[in-house]
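Right, one structure below, let's go through it.
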There are 2 protein chains.
Amino acid sequence: MKVLEELTGTGQALSHTELEATFSKVDRITLYRVLKDFEEAGIVHKIIGPDGVTRFAVCRHNCPDETHTEDHVHFNCTNCHKVFCLEHTHNPDLRLPTGFKVSGIQILVQGICKHCS
Amino acid sequence: MKVLEELTGTGQALSHTELEATFSKVDRITLYRVLKDFEEAGIVHKIIGPDGVTRFAVCRHNCPDETHTEDHVHFNCTNCHKVFCLEHTHNPDLRLPTGFKVSGIQILVQGICKHCS
DNA sequence: CTTTAAATGCAACCTTGTTGCATTTAAAGT
DNA sequence: ACTTTAAATGCAACAAGGTTGCATTTAAAG
Ligand SMILES: [Mn+2]
Ligand SMILES: [Mn+2]
Ligand SMILES: [Zn+2]
Ligand SMILES: [Zn+2]
């Protein structure tokens with residue numbers, strides 16, 4: 001519950017390492033399990049950025065458990081290194097070469113975030 | 001050189017694990033170093049997918065060393081699990097919320113590839 | 001108050017990737 | 001052809017991130 005509060009409170013996606021620092025009393029394995037459970041329950045979603053860092057963010061766009069569509073852009077600030085869910089910036093339609101059938105899109109934008117600019 | 005031939009020959013992005021299987025005689029550390037050197041030389045580019053797997057692909061769009069812009073979409077087949085560079089499918093322009101300044105975009109599309117469909 | 005299940009912690013292990021150092025291999029110089 | 005020098009390779013060791021099995025705590029039901 002405390003972990004969920006932290007994820008809900010902060011406006012960003014947090015890595016296991018960051019959460020571990022916040023909850024230093026909690027064992028790292030417990031933290032892994034909590035995050036895994038949240039993910040499987042559809043409460044949070046996992047974002048693995050182009051940097052390879054895994055982060056977690058709460059699902060805000062009241063997505064039903066079934067269609068757990070992750071239809072928004074993520075932003076990675078090159079200054080503060082934070083990752084934000086841009087919930088209102090939806091994935092664009094892409095025209096791919098013939099033969100390729102799209103089922104999902106993951107977009108991660110790099111740049112300077114609102115707070116750093 | 002053999003590694004570069006392999007990367008050039010195959011139409012996909014290959015992971016270290018895959019290359020290790022192909023070049024079983026070569027030590028895995030040597031392979032890591034070769035790939036790192038290629039990347040720093042701007043000969044190949046590294047792609048870390050939403051699955052967290054790191055893959056390497058040759059740069060084909062004769063990009064100059066300076067502006068090593070990675071301006072194309074990557075495709076991850078959910079059937080054969082291969083990753084392709086869609087060199088001719090360029091990144092779209094995105095409208096982000098005010099305050100966010102874009103410097104780069106990474107797009108990874110999931111679906112069924114040309115060969116699997 | 002007792003029974004039972006869930007949550008936690010610990011140890012051990014795996015994968016991916018890096019670094020230091022000794023050894024091979026190959027390129028230059030004489 | 002022989003020596004010198006540098007680059008490339010292999011090995012050991014290590015570190016970060018993550019998973020699994022098992023014993024123990026904690027808390028929920030009965
Ligand atoms: Mn998100
Ligand atoms: Mn590419
Ligand atoms: Zn920032
Ligand atoms: Zn395929």
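Identifiers in this document derive from the order of the structure tokens: chains are assigned A, B, ..., residues are numbered from 1 separately in each chain, and ligands are numbered from 1 in order of occurrence.
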Kindly work out which residues sit at most 10 Å from ligand 1, using only C-alpha atoms (C1' of nucleotides) and all ligand atoms, and give the list as a PDB file with N, CA and C atoms, in the first residue's frame.
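Result written to selection-v9.pdb:
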```pdb
ATOM      1  N   GLN A  12       5.849  10.661 -11.575  1.00  0.00           N
ATOM      2  CA  GLN A  12       6.711  10.000 -12.541  1.00  0.00           C
ATOM      3  C   GLN A  12       6.667   8.483 -12.422  1.00  0.00           C
ATOM      4  N   ALA A  13       7.388   7.865 -13.331  1.00  0.00           N
ATOM      5  CA  ALA A  13       7.598   6.423 -13.278  1.00  0.00           C
ATOM      6  C   ALA A  13       8.865   6.169 -12.471  1.00  0.00           C
ATOM      7  N   VAL A  44      -0.377  -1.141 -12.002  1.00  0.00           N
ATOM      8  CA  VAL A  44       0.724  -0.335 -12.537  1.00  0.00           C
ATOM      9  C   VAL A  44       1.175  -0.943 -13.862  1.00  0.00           C
ATOM     10  N   HIS A  45       1.877  -0.162 -14.649  1.00  0.00           N
ATOM     11  CA  HIS A  45       2.468  -0.729 -15.858  1.00  0.00           C
ATOM     12  C   HIS A  45       3.969  -0.509 -15.874  1.00  0.00           C
ATOM     13  N   LYS A  46       4.636  -1.451 -16.465  1.00  0.00           N
ATOM     14  CA  LYS A  46       6.087  -1.453 -16.517  1.00  0.00           C
ATOM     15  C   LYS A  46       6.550  -0.764 -17.786  1.00  0.00           C
ATOM     16  N   ILE A  47       7.565   0.057 -17.666  1.00  0.00           N
ATOM     17  CA  ILE A  47       8.135   0.729 -18.832  1.00  0.00           C
ATOM     18  C   ILE A  47       9.621   0.440 -18.872  1.00  0.00           C
ATOM     19  N   ARG A  55      11.027   0.850 -15.225  1.00  0.00           N
ATOM     20  CA  ARG A  55      10.325   1.744 -14.302  1.00  0.00           C
ATOM     21  C   ARG A  55       8.865   1.354 -14.215  1.00  0.00           C
ATOM     22  N   PHE A  56       8.216   1.815 -13.143  1.00  0.00           N
ATOM     23  CA  PHE A  56       6.812   1.493 -12.921  1.00  0.00           C
ATOM     24  C   PHE A  56       6.003   2.759 -12.714  1.00  0.00           C
ATOM     25  N   ALA A  57       4.807   2.778 -13.290  1.00  0.00           N
ATOM     26  CA  ALA A  57       3.917   3.924 -13.135  1.00  0.00           C
ATOM     27  C   ALA A  57       2.492   3.420 -12.946  1.00  0.00           C
ATOM     28  N   VAL A  58       1.720   4.139 -12.136  1.00  0.00           N
ATOM     29  CA  VAL A  58       0.336   3.750 -11.922  1.00  0.00           C
ATOM     30  C   VAL A  58      -0.477   3.981 -13.186  1.00  0.00           C
ATOM     31  N   CYS A  59      -1.454   3.124 -13.406  1.00  0.00           N
ATOM     32  CA  CYS A  59      -2.363   3.296 -14.523  1.00  0.00           C
ATOM     33  C   CYS A  59      -3.423   4.307 -14.126  1.00  0.00           C
ATOM     34  N   ARG A  60      -3.468   5.406 -14.812  1.00  0.00           N
ATOM     35  CA  ARG A  60      -4.390   6.470 -14.423  1.00  0.00           C
ATOM     36  C   ARG A  60      -5.625   6.521 -15.297  1.00  0.00           C
ATOM     37  N   HIS A  61      -5.466   6.179 -16.560  1.00  0.00           N
ATOM     38  CA  HIS A  61      -6.559   6.304 -17.527  1.00  0.00           C
ATOM     39  C   HIS A  61      -7.576   5.177 -17.353  1.00  0.00           C
ATOM     40  N   GLU A  70      -2.030   0.224 -23.461  1.00  0.00           N
ATOM     41  CA  GLU A  70      -1.040   1.222 -23.058  1.00  0.00           C
ATOM     42  C   GLU A  70      -0.864   2.179 -24.226  1.00  0.00           C
ATOM     43  N   ASP A  71      -1.849   3.069 -24.363  1.00  0.00           N
ATOM     44  CA  ASP A  71      -1.918   3.885 -25.578  1.00  0.00           C
ATOM     45  C   ASP A  71      -1.458   5.322 -25.348  1.00  0.00           C
ATOM     46  N   HIS A  72      -0.309   5.466 -24.684  1.00  0.00           N
ATOM     47  CA  HIS A  72       0.198   6.828 -24.536  1.00  0.00           C
ATOM     48  C   HIS A  72       1.717   6.865 -24.629  1.00  0.00           C
ATOM     49  N   VAL A  73       2.207   8.078 -24.805  1.00  0.00           N
ATOM     50  CA  VAL A  73       3.639   8.293 -25.019  1.00  0.00           C
ATOM     51  C   VAL A  73       4.353   8.466 -23.674  1.00  0.00           C
ATOM     52  N   HIS A  74       5.583   7.991 -23.590  1.00  0.00           N
ATOM     53  CA  HIS A  74       6.405   8.219 -22.401  1.00  0.00           C
ATOM     54  C   HIS A  74       7.531   9.194 -22.727  1.00  0.00           C
ATOM     55  N   PHE A  75       7.870   9.982 -21.714  1.00  0.00           N
ATOM     56  CA  PHE A  75       8.880  11.020 -21.909  1.00  0.00           C
ATOM     57  C   PHE A  75      10.044  10.823 -20.947  1.00  0.00           C
ATOM     58  N   VAL A  83      11.174   9.814 -15.879  1.00  0.00           N
ATOM     59  CA  VAL A  83      10.283   9.333 -16.935  1.00  0.00           C
ATOM     60  C   VAL A  83       8.845   9.650 -16.577  1.00  0.00           C
ATOM     61  N   PHE A  84       8.141  10.271 -17.505  1.00  0.00           N
ATOM     62  CA  PHE A  84       6.755  10.653 -17.273  1.00  0.00           C
ATOM     63  C   PHE A  84       5.823   9.955 -18.255  1.00  0.00           C
ATOM     64  N   CYS A  85       4.635   9.648 -17.781  1.00  0.00           N
ATOM     65  CA  CYS A  85       3.587   9.169 -18.675  1.00  0.00           C
ATOM     66  C   CYS A  85       2.856  10.378 -19.223  1.00  0.00           C
ATOM     67  N   LEU A  86       2.883  10.548 -20.523  1.00  0.00           N
ATOM     68  CA  LEU A  86       2.090  11.626 -21.124  1.00  0.00           C
ATOM     69  C   LEU A  86       0.746  11.011 -21.524  1.00  0.00           C
ATOM     70  N   GLU A  87      -0.119  10.918 -20.518  1.00  0.00           N
ATOM     71  CA  GLU A  87      -1.389  10.195 -20.664  1.00  0.00           C
ATOM     72  C   GLU A  87      -2.244  10.741 -21.803  1.00  0.00           C
ATOM     73  N   GLN A 106       5.135   1.191 -28.815  1.00  0.00           N
ATOM     74  CA  GLN A 106       5.755   1.779 -27.651  1.00  0.00           C
ATOM     75  C   GLN A 106       6.588   2.969 -28.085  1.00  0.00           C
ATOM     76  N   LEU A 108       8.910   6.245 -26.810  1.00  0.00           N
ATOM     77  CA  LEU A 108       9.600   6.925 -25.735  1.00  0.00           C
ATOM     78  C   LEU A 108      10.337   8.121 -26.294  1.00  0.00           C
TER      79      LEU A 108
END
```
Exercise. Just asking: which residues within chain B are strand (DSSP E) according to DSSP, as an MDAnalysis selection string?
Worked result: chainID B and resid 14:15 44:48 54:58 72:77 83:90 101:112
For this session: May I have the residues of chain A within 12 Å of chain D, counting only C-alpha atoms (C1' of nucleotides), written as a list in words?
Result: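 That gives the following set of residues: Ser15, His16, Thr17, Arg28, Ile29, Thr30, Leu31, Tyr32, Arg33, Lys36, Gly52, Val53 and Thr54 of chain A.
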For this session: Rounded to one decimal place, report the atom CA of Ala41 of chain B-atom CA of Ile107 of chain A distance in Å.
Result: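 These two atoms are separated by 26.3 Å.
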For this session: Could you check which of A:His81, A:Ala21, A:Thr10, A:Ser103 is closest to ligand 3, using only C-alpha atoms and all ligand atoms?
Result: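 For ligand 3, the nearest of the given residues is A:His81.
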Problem set entry | Within 10 Å of chain B: residues of chain C, using only C-alpha atoms (C1' of nucleotides), as a list of chain:residue names |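 Result: C:DT16, C:DG17, C:DT18.
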For this session: Please determine the contact residues of chain A with respect to chain B at a cut-off of 6 Å, counting only C-alpha atoms, and supply them as an NGL selection string.
Result: :A and (48 or 50 or 52 or 99-114)
